[in-house]
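Structure first, then comments.
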Number of protein chains: 2
Amino acid sequence: MCILNTGGFAVEEKSISKAVIKRLPRYYRYLGELIEEGIERISSNELSAKMRVTASQIRQDLNNFGGFGQQGYGYNVPYLYEEIGKILGLDKTHHMIIIGAGNLGQALANYVKFEKRGFKIVGVFDINPVLKGISIRGNGIRMMSELPEFLQKEDVQIAALTVPKSSAAEIAELLVQNGIKAIWNFAHLDLNVPKDVIVENVHLSESLMRLSYNLTVAEQKEEK
Amino acid sequence: MCILNTGGFAVEEKSISKAVIKRLPRYYRYLGELIEEGIERISSNELSAKMRVTASQIRQDLNNFGGFGQQGYGYNVPYLYEEIGKILGLDKTHHMIIIGAGNLGQALANYVKFEKRGFKIVGVFDINPVLKGISIRGNGIRMMSELPEFLQKEDVQIAALTVPKSSAAEIAELLVQNGIKAIWNFAHLDLNVPKDVIVENVHLSESLMRLSYNLTVAEQKEEK
DNA sequence: TAGATTGTTAATCGATTAACAATC
DNA sequence: TAGATTGTTAATCGATTAACAATC
């Protein structure tokens, strides 16, 4: 159960592979939908059919974190949902700020569901004085110059970075200096931060290029 | 060179693994940056240091598509950039529409660089009559009721889907019926479309949950 | 108890890394 | 030619799938 005994000496947590982590939110989403449908229990086989992954993978993935099921019964849906939520840290509240109040920043700031999942937006920042004080769901847009003082006062863990590439590196450094622990990076570059700072990238242009690749391959097949 | 001879009989294209495709846009981005710096040639070893992947992986990845390098020299940066661009289909123009003119849809519609990469936004649609006719970079917002006729007349390959989960499935079906070949899906569900239709998902909430997981693990480590 | 289904070990598959002959 | 670096084969590593004993 998550514990490795290496050579009978050091005891440490087995780290979970990235592939597994990537799948967890999808399990969580499907379980949420099952709850909405009022379904109480599900077997790995039934879930397998719904999600189009193997039942074996589901059981392996879940067992990284403990035995959530029961032989002969399957998995209790609300229980498993809650447990995965805990694993993902959705049972705790995290405070988030948004740097860059352009369309994308505003889209994030307006997205109501984040708060339901424990991500509370406590500030929105921009350099454009025109935006100063404009309110997005109760958060007046603040100027970047106020950022360091704000971070000293408030307890903020996450910063969403929705600024142009040109200023992203500099701002990331500022964020780290002021104690930000995780950056949700929408800028088109790889951030260079200390290894204890978490970076989660959302590179929209790379996503579009992957779509483009698959579309192009399909088009070429068509031509034959 | 991309051709497999299976048993001396059927000759077919070797399909490229998803892992490789996922890395291609990142190579493309780094090569673009090297061009901006005026760098003419680079070895897999130098690129390896910059990108923090192994040189071996770079060579393997590129060789899926052909021999772009030269022994004793390395890779010519502008040439490789162009070739990867071709592989990704960025040398052709694709027409894209955006369904859903909320903040996220508007953010995409306003993003200038897509057009530079060959993705031309030719229409923006919404159901909200208040938005009708409002112009986003030359595209007046159209009503969803106009969509089928629009798609019959215009040549559109890609649809970006930035609508609420509740209407996404239905709209996706409408898009497919009217000949859309690829959907860039921002809605929080898995679309059910024919297998010749390409779907590229951007699930922001899942991305945030992965960040949350990593942050939570880090916080727990800290507590010790 | 018999049937169902998990948890978990073993087997397979695929992706990454290492090594080196080919060649510029 | 000698040195550098690719293209490519072989070795390793990790992730997925299959199988089945444990157990509810």
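In the structure tokens, chains take letters A, B, ... by order of appearance, with residues numbered from 1 within each chain and ligands from 1 in the order shown.
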
Practice task
Select residues of chain B: the criterion is any atom within 12 Å of an atom of chain C, counting only C-alpha atoms (C1' of nucleotides); output as an MDAnalysis selection string.
Solution key: chainID B and resid 16:20 53:61 69:74

Problem - region 9-220 of chain A: residues DSSP assigns to strand (DSSP E), reported as a PyMOL selection string - result: chain A and resi 10-13+41-42+69-70+74-76+94-99+119-126+135-136+139-143+158-161+182-185+198-201

Near chain B, which residues of chain A fall within 7 Å when you count only C-alpha atoms, and what do they look like as a CSV table (one decimal) with N, CA and C atoms, in the first residue's frame?
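So out.csv came out as:
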chain,number,residue,atom,x,y,z
A,21,ILE,N,-1.4,9.4,-13.2
A,21,ILE,CA,-1.9,10.7,-12.7
A,21,ILE,C,-2.8,11.3,-13.8
A,22,LYS,N,-2.3,11.2,-15.1
A,22,LYS,CA,-3.0,11.8,-16.2
A,22,LYS,C,-4.4,11.2,-16.3
A,25,PRO,N,-8.0,12.2,-13.3
A,25,PRO,CA,-9.1,13.2,-13.4
A,25,PRO,C,-10.3,12.6,-14.3
A,87,ILE,N,-7.3,12.1,-3.3
A,87,ILE,CA,-6.0,11.9,-3.9
A,87,ILE,C,-5.6,13.1,-4.7
A,88,LEU,N,-6.6,13.7,-5.5
A,88,LEU,CA,-6.3,14.8,-6.3
A,88,LEU,C,-6.2,16.1,-5.5
A,89,GLY,N,-6.5,16.0,-4.2
A,89,GLY,CA,-6.4,17.2,-3.4
A,89,GLY,C,-7.6,18.2,-3.5
A,103,ASN,N,-8.5,37.9,-22.7
A,103,ASN,CA,-9.6,37.0,-22.8
A,103,ASN,C,-9.5,35.7,-22.1
A,104,LEU,N,-8.3,35.1,-22.2
A,104,LEU,CA,-8.1,33.8,-21.6
A,104,LEU,C,-8.1,33.9,-20.1
A,106,GLN,N,-9.6,36.2,-18.3
A,106,GLN,CA,-11.0,36.4,-17.9
A,106,GLN,C,-11.8,35.2,-18.0
A,107,ALA,N,-11.6,34.3,-19.0
A,107,ALA,CA,-12.3,33.1,-19.1
A,107,ALA,C,-12.1,32.2,-17.9
A,182,ALA,N,2.9,26.7,-7.2
A,182,ALA,CA,2.5,26.0,-8.5
A,182,ALA,C,2.0,27.0,-9.5
A,198,ILE,N,5.8,23.5,-8.8
A,198,ILE,CA,5.1,22.7,-9.8
A,198,ILE,C,4.6,23.5,-11.0
A,200,GLU,N,2.3,23.2,-14.4
A,200,GLU,CA,1.4,22.5,-15.3
A,200,GLU,C,1.2,23.3,-16.6
A,206,GLU,N,0.3,24.0,-29.3
A,206,GLU,CA,0.8,22.6,-29.5
A,206,GLU,C,-0.4,21.7,-29.7
A,209,MET,N,-1.6,22.0,-33.1
A,209,MET,CA,-0.7,21.4,-34.1
A,209,MET,C,-0.9,19.9,-34.1
A,210,ARG,N,-1.1,19.3,-33.0
A,210,ARG,CA,-1.4,17.8,-33.0
A,210,ARG,C,-2.7,17.5,-33.8
A,211,LEU,N,-3.7,18.4,-33.5
A,211,LEU,CA,-4.9,18.2,-34.3
A,211,LEU,C,-4.6,18.3,-35.8
A,212,SER,N,-3.8,19.3,-36.1
A,212,SER,CA,-3.4,19.6,-37.5
A,212,SER,C,-2.7,18.4,-38.1
A,213,TYR,N,-1.8,17.8,-37.4
A,213,TYR,CA,-1.1,16.6,-37.8
A,213,TYR,C,-2.0,15.5,-38.2
A,214,ASN,N,-2.9,15.2,-37.3
A,214,ASN,CA,-3.9,14.1,-37.5
A,214,ASN,C,-4.8,14.4,-38.6
A,215,LEU,N,-5.2,15.6,-38.8
A,215,LEU,CA,-6.1,16.0,-39.9
A,215,LEU,C,-5.3,15.9,-41.2
A,216,THR,N,-4.1,16.3,-41.2
A,216,THR,CA,-3.3,16.2,-42.4
A,216,THR,C,-3.0,14.8,-42.9

Exercise for the section: Would you work out the distance separating CA of Asp126 (chain A) from CA of Val112 (chain B), expressed in Å to one decimal? Expected result: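 Interatomic distance, CA of Asp126 (chain A) to CA of Val112 (chain B): 19.7 Å.
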
Fill in the blank from the handout: The distance between CA of Ala159 (chain A) and CA of Met96 (chain A) is 5.5 Å

Exercise for the section: For CA of Ala169 (chain B) and CA of Ile99 (chain B), determine how far apart the two atoms are, in Å to one decimal place. Expected result: 12.4 Å

Exercise for the section: Identify, with DSSP run on backbone atoms, the residues in region 89-127 of chain A assigned to helix (DSSP H, G or I), and express the list as a VMD selection string. Expected result: chain A and resid 103 to 110 113 to 116

Filtering to N, CA, C and O atoms, could you give me those residues as an mmCIF file, in the first residue's frame?
data_model
loop_
_atom_site.group_PDB
_atom_site.id
_atom_site.type_symbol
_atom_site.label_atom_id
_atom_site.label_comp_id
_atom_site.auth_asym_id
_atom_site.auth_seq_id
_atom_site.Cartn_x
_atom_site.Cartn_y
_atom_site.Cartn_z
ATOM 1 N N ASN A 103 -8.476 37.877 -22.654
ATOM 2 C CA ASN A 103 -9.634 36.993 -22.825
ATOM 3 C C ASN A 103 -9.473 35.680 -22.075
ATOM 4 O O ASN A 103 -10.391 35.209 -21.422
ATOM 5 N N LEU A 104 -8.287 35.101 -22.193
ATOM 6 C CA LEU A 104 -8.060 33.805 -21.582
ATOM 7 C C LEU A 104 -8.092 33.911 -20.057
ATOM 8 O O LEU A 104 -8.754 33.122 -19.383
ATOM 9 N N GLY A 105 -7.401 34.911 -19.523
ATOM 10 C CA GLY A 105 -7.408 35.139 -18.085
ATOM 11 C C GLY A 105 -8.823 35.370 -17.570
ATOM 12 O O GLY A 105 -9.226 34.817 -16.542
ATOM 13 N N GLN A 106 -9.588 36.151 -18.310
ATOM 14 C CA GLN A 106 -10.970 36.419 -17.900
ATOM 15 C C GLN A 106 -11.827 35.162 -17.988
ATOM 16 O O GLN A 106 -12.708 34.941 -17.162
ATOM 17 N N ALA A 107 -11.555 34.344 -19.020
ATOM 18 C CA ALA A 107 -12.297 33.089 -19.148
ATOM 19 C C ALA A 107 -12.070 32.225 -17.914
ATOM 20 O O ALA A 107 -13.011 31.675 -17.346
ATOM 21 N N LEU A 108 -10.832 32.142 -17.479
ATOM 22 C CA LEU A 108 -10.520 31.354 -16.281
ATOM 23 C C LEU A 108 -11.177 31.965 -15.046
ATOM 24 O O LEU A 108 -11.778 31.265 -14.230
ATOM 25 N N ALA A 109 -11.072 33.287 -14.939
ATOM 26 C CA ALA A 109 -11.625 33.973 -13.764
ATOM 27 C C ALA A 109 -13.138 33.799 -13.684
ATOM 28 O O ALA A 109 -13.717 33.764 -12.601
ATOM 29 N N ASN A 110 -13.779 33.672 -14.828
ATOM 30 C CA ASN A 110 -15.233 33.544 -14.867
ATOM 31 C C ASN A 110 -15.734 32.123 -14.706
ATOM 32 O O ASN A 110 -16.931 31.897 -14.579
ATOM 33 N N LYS A 113 -16.949 26.734 -11.977
ATOM 34 C CA LYS A 113 -16.783 25.396 -11.425
ATOM 35 C C LYS A 113 -15.468 25.173 -10.679
ATOM 36 O O LYS A 113 -15.369 24.285 -9.860
ATOM 37 N N PHE A 114 -14.456 25.979 -11.002
ATOM 38 C CA PHE A 114 -13.175 25.819 -10.312
ATOM 39 C C PHE A 114 -13.372 25.932 -8.809
ATOM 40 O O PHE A 114 -12.828 25.148 -8.041
ATOM 41 N N GLU A 115 -14.172 26.913 -8.416
ATOM 42 C CA GLU A 115 -14.365 27.151 -6.977
ATOM 43 C C GLU A 115 -15.033 25.947 -6.318
ATOM 44 O O GLU A 115 -14.680 25.564 -5.209
ATOM 45 N N LYS A 116 -15.962 25.333 -7.028
ATOM 46 C CA LYS A 116 -16.647 24.131 -6.517
ATOM 47 C C LYS A 116 -15.636 23.013 -6.241
ATOM 48 O O LYS A 116 -15.838 22.185 -5.368
#
